>>> print(open('run_35.json').read())   # JSON, C-alpha atoms
[["chain", "number", "residue", "atom", "x", "y", "z"],
["H", 201, "MET", "CA", 0.00, 0.00, 0.00],
["H", 202, "SER", "CA", 1.51, 3.29, -1.08],
["H", 203, "LEU", "CA", 1.30, 6.64, 0.58],
["H", 204, "ALA", "CA", -0.94, 8.03, -2.16],
["H", 205, "THR", "CA", -3.49, 5.26, -1.69],
["H", 206, "THR", "CA", -3.38, 5.70, 2.06],
["H", 207, "PHE", "CA", -4.36, 9.37, 1.85],
["H", 208, "GLN", "CA", -6.85, 8.93, -1.01],
["H", 209, "PRO", "CA", -9.94, 8.78, 1.29],
["H", 210, "LEU", "CA", -8.79, 12.01, 2.97],
["H", 211, "ARG", "CA", -8.37, 13.75, -0.39],
["H", 212, "VAL", "CA", -11.88, 12.72, -1.42],
["H", 213, "ARG", "CA", -13.29, 13.96, 1.90],
["H", 214, "TRP", "CA", -11.34, 17.25, 1.51],
["H", 215, "ALA", "CA", -12.71, 17.78, -2.00],
["H", 216, "ARG", "CA", -16.33, 17.35, -0.75],
["H", 217, "MET", "CA", -15.90, 19.93, 2.04],
["H", 218, "GLN", "CA", -17.24, 23.41, 1.66],
["H", 219, "GLY", "CA", -14.97, 26.45, 1.96],
["H", 220, "ARG", "CA", -16.02, 27.23, 5.53],
["H", 221, "GLU", "CA", -15.34, 23.64, 6.70],
["H", 222, "LYS", "CA", -11.93, 23.71, 5.02],
["H", 223, "ASN", "CA", -11.08, 26.95, 6.85],
["H", 224, "ILE", "CA", -12.09, 25.42, 10.20],
["H", 225, "VAL", "CA", -9.93, 22.32, 9.55],
["H", 226, "ARG", "CA", -7.00, 24.55, 8.53],
["H", 227, "LEU", "CA", -7.45, 26.61, 11.70],
["H", 228, "VAL", "CA", -7.53, 23.47, 13.90],
["H", 229, "VAL", "CA", -4.41, 22.06, 12.20],
["H", 230, "LEU", "CA", -2.67, 25.43, 12.61],
["H", 231, "LEU", "CA", -3.61, 25.55, 16.32],
["H", 232, "VAL", "CA", -2.34, 22.00, 16.90],
["H", 233, "LEU", "CA", 0.94, 22.75, 15.11],
["H", 234, "GLY", "CA", 1.29, 26.00, 17.07],
["H", 235, "PHE", "CA", 0.69, 24.15, 20.34],
["H", 236, "LEU", "CA", 3.26, 21.49, 19.44],
["H", 237, "LEU", "CA", 5.79, 24.16, 18.45],
["H", 238, "TRP", "CA", 5.22, 25.96, 21.77],
["H", 239, "GLN", "CA", 5.32, 22.79, 23.86],
["H", 240, "PHE", "CA", 8.49, 21.30, 22.43],
["H", 241, "SER", "CA", 10.51, 24.29, 21.36],
["H", 242, "VAL", "CA", 9.57, 27.65, 22.84],
["H", 243, "ALA", "CA", 8.47, 26.66, 26.37],
["H", 244, "PRO", "CA", 11.67, 24.73, 27.28],
["H", 245, "ALA", "CA", 13.80, 27.57, 25.97],
["H", 246, "LEU", "CA", 11.85, 30.09, 28.07],
["H", 247, "ALA", "CA", 12.19, 27.90, 31.16],
["H", 248, "THR", "CA", 15.95, 27.74, 30.64],
["H", 249, "LEU", "CA", 16.06, 31.49, 30.16],
["H", 250, "ARG", "CA", 14.12, 32.09, 33.38],
["H", 251, "THR", "CA", 16.51, 29.98, 35.47],
["H", 252, "ALA", "CA", 19.71, 31.15, 33.79],
["H", 253, "ASP", "CA", 20.32, 34.08, 36.19],
["H", 254, "ALA", "CA", 19.95, 31.93, 39.29],
["H", 255, "GLN", "CA", 22.21, 29.25, 37.84],
["H", 256, "ALA", "CA", 24.79, 31.88, 36.87],
["H", 257, "LYS", "CA", 24.82, 33.20, 40.44],
["H", 258, "ILE", "CA", 25.27, 29.71, 41.87],
["H", 259, "LEU", "CA", 28.06, 28.92, 39.43],
["H", 260, "GLY", "CA", 29.71, 32.28, 40.19],
["H", 261, "ALA", "CA", 29.68, 31.51, 43.90],
["H", 262, "GLN", "CA", 31.13, 28.06, 43.27],
["H", 263, "LEU", "CA", 33.84, 29.59, 41.09],
["H", 264, "GLN", "CA", 34.76, 32.09, 43.82],
["H", 265, "GLN", "CA", 34.91, 29.27, 46.38],
["H", 266, "MET", "CA", 37.15, 27.19, 44.14],
["H", 267, "GLN", "CA", 39.41, 30.18, 43.46],
["H", 268, "ALA", "CA", 39.68, 30.80, 47.21],
["H", 269, "MET", "CA", 40.63, 27.15, 47.75],
["H", 270, "GLN", "CA", 43.17, 27.42, 44.92],
["H", 271, "ALA", "CA", 44.70, 30.51, 46.51],
["H", 272, "GLN", "CA", 44.85, 28.73, 49.86],
["H", 273, "ALA", "CA", 46.52, 25.69, 48.30],
["H", 274, "GLN", "CA", 49.06, 27.89, 46.53],
["H", 275, "ALA", "CA", 49.78, 29.73, 49.77],
["H", 276, "LEU", "CA", 50.35, 26.40, 51.52],
["H", 277, "GLN", "CA", 52.71, 25.28, 48.77],
["H", 278, "LYS", "CA", 54.74, 28.49, 49.10],
["H", 279, "GLN", "CA", 55.21, 28.14, 52.84],
["H", 280, "PRO", "CA", 58.63, 26.91, 53.89],
["H", 281, "ALA", "CA", 58.81, 23.31, 54.99],
["H", 282, "LEU", "CA", 58.53, 22.68, 58.71],
["H", 283, "GLY", "CA", 60.95, 20.55, 60.61],
["H", 284, "PHE", "CA", 59.79, 17.63, 62.69],
["H", 285, "ASP", "CA", 60.14, 19.44, 66.04],
["H", 286, "GLU", "CA", 58.32, 22.55, 64.80],
["H", 287, "ALA", "CA", 55.46, 20.43, 63.46],
["H", 288, "VAL", "CA", 55.14, 18.55, 66.76],
["H", 289, "ARG", "CA", 55.11, 21.85, 68.68],
["H", 290, "ALA", "CA", 52.46, 23.32, 66.39],
["H", 291, "LEU", "CA", 50.32, 20.17, 66.61],
["H", 292, "THR", "CA", 50.67, 20.05, 70.39],
["H", 293, "LEU", "CA", 49.72, 23.72, 70.71],
["H", 294, "ALA", "CA", 46.71, 23.30, 68.44],
["H", 295, "THR", "CA", 45.60, 20.23, 70.37],
["H", 296, "GLN", "CA", 45.88, 21.96, 73.76],
["H", 297, "GLN", "CA", 44.19, 25.18, 72.61],
["H", 298, "THR", "CA", 41.38, 23.71, 70.53],
["H", 299, "LEU", "CA", 40.60, 20.27, 71.93],
["H", 300, "GLY", "CA", 41.83, 20.74, 75.48],
["H", 301, "THR", "CA", 41.28, 17.74, 77.74],
["H", 302, "THR", "CA", 39.20, 15.84, 75.17],
["H", 303, "ALA", "CA", 42.35, 14.80, 73.27],
["H", 304, "GLN", "CA", 45.70, 13.20, 74.04],
["H", 305, "LEU", "CA", 48.61, 13.46, 71.64],
["H", 306, "GLY", "CA", 51.27, 10.79, 71.23],
["H", 307, "VAL", "CA", 54.16, 10.87, 68.78],
["H", 308, "ALA", "CA", 55.78, 7.74, 67.34],
["H", 309, "GLY", "CA", 58.17, 8.01, 64.41],
["H", 310, "ASP", "CA", 56.81, 10.29, 61.72],
["H", 311, "ARG", "CA", 53.24, 9.94, 62.95],
["H", 312, "ALA", "CA", 51.21, 11.51, 65.70],
["H", 313, "SER", "CA", 48.26, 9.70, 67.26],
["H", 314, "VAL", "CA", 45.50, 11.85, 68.67],
["H", 315, "THR", "CA", 43.09, 9.99, 70.94],
["H", 316, "LEU", "CA", 39.72, 11.71, 71.22],
["H", 317, "LYS", "CA", 37.28, 11.27, 74.08],
["H", 318, "ASP", "CA", 33.98, 13.14, 73.74],
["H", 319, "ALA", "CA", 35.43, 15.80, 71.42],
["H", 320, "SER", "CA", 32.85, 18.17, 70.04],
["H", 321, "PRO", "CA", 32.55, 18.63, 66.27],
["H", 322, "ASP", "CA", 32.79, 22.39, 66.80],
["H", 323, "ALA", "CA", 36.28, 21.91, 68.26],
["H", 324, "LEU", "CA", 37.42, 19.09, 65.99],
["H", 325, "ALA", "CA", 36.87, 20.93, 62.69],
["H", 326, "PRO", "CA", 39.02, 23.98, 63.62],
["H", 327, "TRP", "CA", 41.65, 21.68, 65.09],
["H", 328, "LEU", "CA", 41.93, 19.80, 61.79],
["H", 329, "ALA", "CA", 42.31, 23.12, 59.98],
["H", 330, "GLN", "CA", 45.02, 24.27, 62.41],
["H", 331, "ALA", "CA", 46.83, 20.94, 62.12],
["H", 332, "ARG", "CA", 46.86, 21.27, 58.35],
["H", 333, "LEU", "CA", 47.86, 24.95, 58.24],
["H", 334, "ASN", "CA", 50.18, 25.34, 61.20],
["H", 335, "ALA", "CA", 51.71, 21.88, 61.60],
["H", 336, "ARG", "CA", 51.29, 20.86, 57.95],
["H", 337, "SER", "CA", 49.89, 17.60, 59.21],
["H", 338, "VAL", "CA", 46.98, 15.71, 57.69],
["H", 339, "PRO", "CA", 45.10, 12.62, 58.86],
["H", 340, "ILE", "CA", 46.36, 9.42, 57.28],
["H", 341, "GLU", "CA", 44.13, 7.14, 59.32],
["H", 342, "ALA", "CA", 40.95, 7.71, 61.28],
["H", 343, "ARG", "CA", 39.07, 5.35, 63.55],
["H", 344, "LEU", "CA", 36.27, 7.48, 64.89],
["H", 345, "ALA", "CA", 32.88, 6.75, 66.38],
["H", 346, "ARG", "CA", 30.14, 9.28, 66.84],
["H", 347, "GLY", "CA", 28.68, 9.46, 70.29],
["H", 348, "THR", "CA", 25.94, 11.45, 71.93],
["H", 349, "THR", "CA", 25.96, 13.20, 75.26],
["H", 350, "PRO", "CA", 23.48, 15.58, 76.84],
["H", 351, "ALA", "CA", 25.58, 18.38, 75.34],
["H", 352, "GLY", "CA", 25.16, 16.97, 71.81],
["H", 353, "THR", "CA", 27.17, 14.94, 69.31],
["H", 354, "THR", "CA", 30.75, 13.98, 70.19],
["H", 355, "TRP", "CA", 33.58, 12.05, 68.56],
["H", 356, "ASN", "CA", 35.60, 9.26, 70.15],
["H", 357, "GLY", "CA", 38.51, 7.35, 68.65],
["H", 358, "VAL", "CA", 41.98, 7.81, 67.19],
["H", 359, "LEU", "CA", 43.31, 10.05, 64.42],
["H", 360, "VAL", "CA", 46.75, 9.22, 63.06],
["H", 361, "MET", "CA", 48.40, 12.33, 61.63],
["H", 362, "SER", "CA", 51.38, 12.57, 59.31],
["H", 363, "LEU", "CA", 54.47, 14.53, 60.40],
["H", 364, "PRO", "CA", 57.51, 15.63, 58.38],
["H", 365, "GLY", "CA", 60.51, 13.34, 58.54],
["H", 366, "ARG", "CA", 63.24, 14.00, 61.08]]
>>> encode(input="run_35.json", output="structure tokens")
Amino acid sequence: MSLATTFQPLRVRWARMQGREKNIVRLVVLLVLGFLLWQFSVAPALATLRTADAQAKILGAQLQQMQAMQAQAQALQKQPALGFDEAVRALTLATQQTLGTTAQLGVAGDRASVTLKDASPDALAPWLAQARLNARSVPIEARLARGTTPAGTTWNGVLVMSLPGR
């Protein structure tokens, strides 16, 4: 069956229609095509256009944050290397000032073990930042368990930190 024979009944029906009926059918077809054009082409583009400003602001903020982290990383790379004793002093000072009695520091070789007992997250996060910035020490192993006390969430366990070689 060819395409011409498929549409033959429609052509016959079209030829029998009066002018007014043909105009109504044309109008309906035009409205359907207009709706389809709107639905699948114009409406999605308008939705994208409406959200573009908000997405640009979010991406701009993310870019600024990444540039700040890049600047911080470059600043850390430019700092002179710390000796073993200086790193231990800086880590000890950070531990005493930030974690206080909730942490005990032990040094063995080129590693420092920090044992936490009911350390608050509000103290642990700044301590990690100080350890990284001041002592240039990062965690290489963590065995932590979250606990709860009447004061809120706490952390218990051991953090093993890297230290520069002697």
>>> closest_residue(input="run_35.json", among="H:Leu363, H:Ala294, H:Leu344, H:Leu333", to="Leu276 of chain H", atoms="all atoms listed in the file")
H:Leu333
>>> residues_around(input="run_35.json", residues="Asp285 of chain H", least_positions_apart="2", cutoff="10 Å", atoms="only C-alpha atoms", output="PyMOL selection string")
chain H and resi 282-283+287-291+335+363-366
>>> atom_distance(input="run_35.json", atom1="atom CA of Lys278 of chain H", atom2="atom CA of Arg311 of chain H")
23.2 Å
>>> atom_distance(input="run_35.json", atom1="atom CA of Met266 of chain H", atom2="atom CA of Ala247 of chain H")
28.1 Å
>>> atom_distance(input="run_35.json", atom1="atom CA of Ala329 of chain H", atom2="atom CA of Lys257 of chain H")
28.1 Å
>>> closest_residue(input="run_35.json", among="H:Thr315, H:Gln262, H:Gln296, H:Ser337", to="Ala281 of chain H", atoms="only C-alpha atoms")
H:Ser337
>>> closest_residue(input="run_35.json", among="H:Gly357, H:Pro280, H:Pro339, H:Pro321", to="Ala303 of chain H", atoms="only C-alpha atoms")
H:Gly357
>>> residues_around(input="run_35.json", residues="Trp355 of chain H", least_positions_apart="5", cutoff="7 Å", atoms="only C-alpha atoms", output="PyMOL selection string")
chain H and resi 316-320+344-347
>>> write_last_selection(input="run_35.json", atoms="C-alpha atoms", output="tab-separated table (two decimals), in the frame of the given file")
chain	number	residue	atom	x	y	z
H	316	LEU	CA	39.72	11.71	71.22
H	317	LYS	CA	37.28	11.27	74.08
H	318	ASP	CA	33.98	13.14	73.74
H	319	ALA	CA	35.43	15.80	71.42
H	320	SER	CA	32.85	18.17	70.04
H	344	LEU	CA	36.27	7.48	64.89
H	345	ALA	CA	32.88	6.75	66.38
H	346	ARG	CA	30.14	9.28	66.84
H	347	GLY	CA	28.68	9.46	70.29
>>> residues_near_point(input="run_35.json", point="(49.9, 7.7, 72.1)", cutoff="12 Å", atoms="all atoms listed in the file", output="list in words")
Ala303, Gln304, Leu305, Gly306, Val307, Ala308, Gly309, Arg311, Ala312, Ser313, Val314, Thr315, Leu316, Gly357, Val358, Leu359, Val360 and Met361 of chain H
>>> closest_residue(input="run_35.json", among="H:Ala245, H:Leu237, H:Ile258, H:Leu299", to="Ala331 of chain H", atoms="only C-alpha atoms")
H:Leu299
>>> decode(input="run_35.json", residues="segment 215-353 of chain H", atoms="C-alpha atoms", output="mmCIF file, in the first residue's frame")
data_model
loop_
_atom_site.group_PDB
_atom_site.id
_atom_site.type_symbol
_atom_site.label_atom_id
_atom_site.label_comp_id
_atom_site.auth_asym_id
_atom_site.auth_seq_id
_atom_site.Cartn_x
_atom_site.Cartn_y
_atom_site.Cartn_z
ATOM 1 C CA ALA H 215 -12.706 17.780 -2.002
ATOM 2 C CA ARG H 216 -16.326 17.348 -0.751
ATOM 3 C CA MET H 217 -15.899 19.927 2.041
ATOM 4 C CA GLN H 218 -17.240 23.405 1.658
ATOM 5 C CA GLY H 219 -14.973 26.451 1.957
ATOM 6 C CA ARG H 220 -16.025 27.228 5.529
ATOM 7 C CA GLU H 221 -15.340 23.641 6.697
ATOM 8 C CA LYS H 222 -11.934 23.710 5.025
ATOM 9 C CA ASN H 223 -11.085 26.951 6.848
ATOM 10 C CA ILE H 224 -12.094 25.420 10.197
ATOM 11 C CA VAL H 225 -9.932 22.320 9.552
ATOM 12 C CA ARG H 226 -6.998 24.554 8.529
ATOM 13 C CA LEU H 227 -7.450 26.612 11.702
ATOM 14 C CA VAL H 228 -7.534 23.467 13.896
ATOM 15 C CA VAL H 229 -4.406 22.060 12.203
ATOM 16 C CA LEU H 230 -2.674 25.430 12.606
ATOM 17 C CA LEU H 231 -3.612 25.547 16.320
ATOM 18 C CA VAL H 232 -2.336 21.998 16.902
ATOM 19 C CA LEU H 233 0.936 22.751 15.110
ATOM 20 C CA GLY H 234 1.289 26.005 17.073
ATOM 21 C CA PHE H 235 0.693 24.149 20.336
ATOM 22 C CA LEU H 236 3.260 21.490 19.444
ATOM 23 C CA LEU H 237 5.790 24.157 18.453
ATOM 24 C CA TRP H 238 5.224 25.962 21.768
ATOM 25 C CA GLN H 239 5.319 22.794 23.863
ATOM 26 C CA PHE H 240 8.492 21.297 22.432
ATOM 27 C CA SER H 241 10.505 24.294 21.363
ATOM 28 C CA VAL H 242 9.574 27.652 22.840
ATOM 29 C CA ALA H 243 8.467 26.655 26.373
ATOM 30 C CA PRO H 244 11.666 24.730 27.277
ATOM 31 C CA ALA H 245 13.804 27.571 25.966
ATOM 32 C CA LEU H 246 11.851 30.085 28.069
ATOM 33 C CA ALA H 247 12.191 27.896 31.156
ATOM 34 C CA THR H 248 15.951 27.745 30.642
ATOM 35 C CA LEU H 249 16.064 31.489 30.155
ATOM 36 C CA ARG H 250 14.123 32.090 33.383
ATOM 37 C CA THR H 251 16.511 29.983 35.473
ATOM 38 C CA ALA H 252 19.713 31.154 33.792
ATOM 39 C CA ASP H 253 20.324 34.079 36.189
ATOM 40 C CA ALA H 254 19.946 31.932 39.294
ATOM 41 C CA GLN H 255 22.213 29.245 37.843
ATOM 42 C CA ALA H 256 24.787 31.875 36.868
ATOM 43 C CA LYS H 257 24.822 33.204 40.444
ATOM 44 C CA ILE H 258 25.268 29.707 41.869
ATOM 45 C CA LEU H 259 28.061 28.920 39.427
ATOM 46 C CA GLY H 260 29.710 32.277 40.186
ATOM 47 C CA ALA H 261 29.676 31.507 43.905
ATOM 48 C CA GLN H 262 31.126 28.057 43.266
ATOM 49 C CA LEU H 263 33.839 29.590 41.088
ATOM 50 C CA GLN H 264 34.760 32.086 43.822
ATOM 51 C CA GLN H 265 34.909 29.275 46.385
ATOM 52 C CA MET H 266 37.151 27.190 44.143
ATOM 53 C CA GLN H 267 39.407 30.182 43.459
ATOM 54 C CA ALA H 268 39.684 30.800 47.205
ATOM 55 C CA MET H 269 40.630 27.151 47.746
ATOM 56 C CA GLN H 270 43.167 27.420 44.921
ATOM 57 C CA ALA H 271 44.700 30.512 46.510
ATOM 58 C CA GLN H 272 44.847 28.727 49.864
ATOM 59 C CA ALA H 273 46.518 25.687 48.296
ATOM 60 C CA GLN H 274 49.061 27.886 46.529
ATOM 61 C CA ALA H 275 49.778 29.731 49.770
ATOM 62 C CA LEU H 276 50.346 26.401 51.523
ATOM 63 C CA GLN H 277 52.708 25.285 48.768
ATOM 64 C CA LYS H 278 54.735 28.487 49.095
ATOM 65 C CA GLN H 279 55.211 28.140 52.843
ATOM 66 C CA PRO H 280 58.634 26.906 53.894
ATOM 67 C CA ALA H 281 58.810 23.306 54.994
ATOM 68 C CA LEU H 282 58.526 22.680 58.710
ATOM 69 C CA GLY H 283 60.951 20.553 60.614
ATOM 70 C CA PHE H 284 59.792 17.632 62.695
ATOM 71 C CA ASP H 285 60.138 19.438 66.039
ATOM 72 C CA GLU H 286 58.319 22.554 64.796
ATOM 73 C CA ALA H 287 55.455 20.431 63.460
ATOM 74 C CA VAL H 288 55.138 18.551 66.765
ATOM 75 C CA ARG H 289 55.112 21.852 68.684
ATOM 76 C CA ALA H 290 52.457 23.316 66.387
ATOM 77 C CA LEU H 291 50.318 20.174 66.610
ATOM 78 C CA THR H 292 50.673 20.053 70.395
ATOM 79 C CA LEU H 293 49.724 23.718 70.714
ATOM 80 C CA ALA H 294 46.709 23.302 68.437
ATOM 81 C CA THR H 295 45.599 20.228 70.374
ATOM 82 C CA GLN H 296 45.877 21.965 73.756
ATOM 83 C CA GLN H 297 44.191 25.182 72.605
ATOM 84 C CA THR H 298 41.384 23.714 70.533
ATOM 85 C CA LEU H 299 40.596 20.269 71.927
ATOM 86 C CA GLY H 300 41.829 20.738 75.477
ATOM 87 C CA THR H 301 41.275 17.745 77.736
ATOM 88 C CA THR H 302 39.200 15.837 75.169
ATOM 89 C CA ALA H 303 42.354 14.799 73.275
ATOM 90 C CA GLN H 304 45.698 13.204 74.045
ATOM 91 C CA LEU H 305 48.610 13.462 71.637
ATOM 92 C CA GLY H 306 51.267 10.793 71.231
ATOM 93 C CA VAL H 307 54.164 10.874 68.776
ATOM 94 C CA ALA H 308 55.781 7.739 67.339
ATOM 95 C CA GLY H 309 58.172 8.008 64.405
ATOM 96 C CA ASP H 310 56.813 10.292 61.719
ATOM 97 C CA ARG H 311 53.237 9.943 62.951
ATOM 98 C CA ALA H 312 51.210 11.506 65.702
ATOM 99 C CA SER H 313 48.257 9.700 67.259
ATOM 100 C CA VAL H 314 45.495 11.848 68.670
ATOM 101 C CA THR H 315 43.092 9.991 70.943
ATOM 102 C CA LEU H 316 39.723 11.706 71.217
ATOM 103 C CA LYS H 317 37.277 11.271 74.077
ATOM 104 C CA ASP H 318 33.981 13.135 73.738
ATOM 105 C CA ALA H 319 35.434 15.800 71.422
ATOM 106 C CA SER H 320 32.853 18.173 70.037
ATOM 107 C CA PRO H 321 32.547 18.629 66.267
ATOM 108 C CA ASP H 322 32.789 22.388 66.798
ATOM 109 C CA ALA H 323 36.283 21.912 68.263
ATOM 110 C CA LEU H 324 37.415 19.086 65.991
ATOM 111 C CA ALA H 325 36.872 20.927 62.690
ATOM 112 C CA PRO H 326 39.019 23.977 63.623
ATOM 113 C CA TRP H 327 41.651 21.679 65.095
ATOM 114 C CA LEU H 328 41.933 19.802 61.786
ATOM 115 C CA ALA H 329 42.312 23.122 59.976
ATOM 116 C CA GLN H 330 45.016 24.267 62.409
ATOM 117 C CA ALA H 331 46.831 20.944 62.120
ATOM 118 C CA ARG H 332 46.863 21.269 58.345
ATOM 119 C CA LEU H 333 47.856 24.945 58.236
ATOM 120 C CA ASN H 334 50.183 25.345 61.203
ATOM 121 C CA ALA H 335 51.713 21.880 61.601
ATOM 122 C CA ARG H 336 51.289 20.856 57.954
ATOM 123 C CA SER H 337 49.885 17.599 59.213
ATOM 124 C CA VAL H 338 46.976 15.705 57.693
ATOM 125 C CA PRO H 339 45.103 12.624 58.856
ATOM 126 C CA ILE H 340 46.362 9.417 57.281
ATOM 127 C CA GLU H 341 44.133 7.137 59.319
ATOM 128 C CA ALA H 342 40.948 7.712 61.285
ATOM 129 C CA ARG H 343 39.066 5.350 63.548
ATOM 130 C CA LEU H 344 36.267 7.484 64.891
ATOM 131 C CA ALA H 345 32.878 6.748 66.380
ATOM 132 C CA ARG H 346 30.143 9.277 66.838
ATOM 133 C CA GLY H 347 28.678 9.456 70.285
ATOM 134 C CA THR H 348 25.937 11.446 71.928
ATOM 135 C CA THR H 349 25.965 13.201 75.263
ATOM 136 C CA PRO H 350 23.475 15.577 76.837
ATOM 137 C CA ALA H 351 25.583 18.381 75.336
ATOM 138 C CA GLY H 352 25.162 16.968 71.809
ATOM 139 C CA THR H 353 27.168 14.941 69.314
#
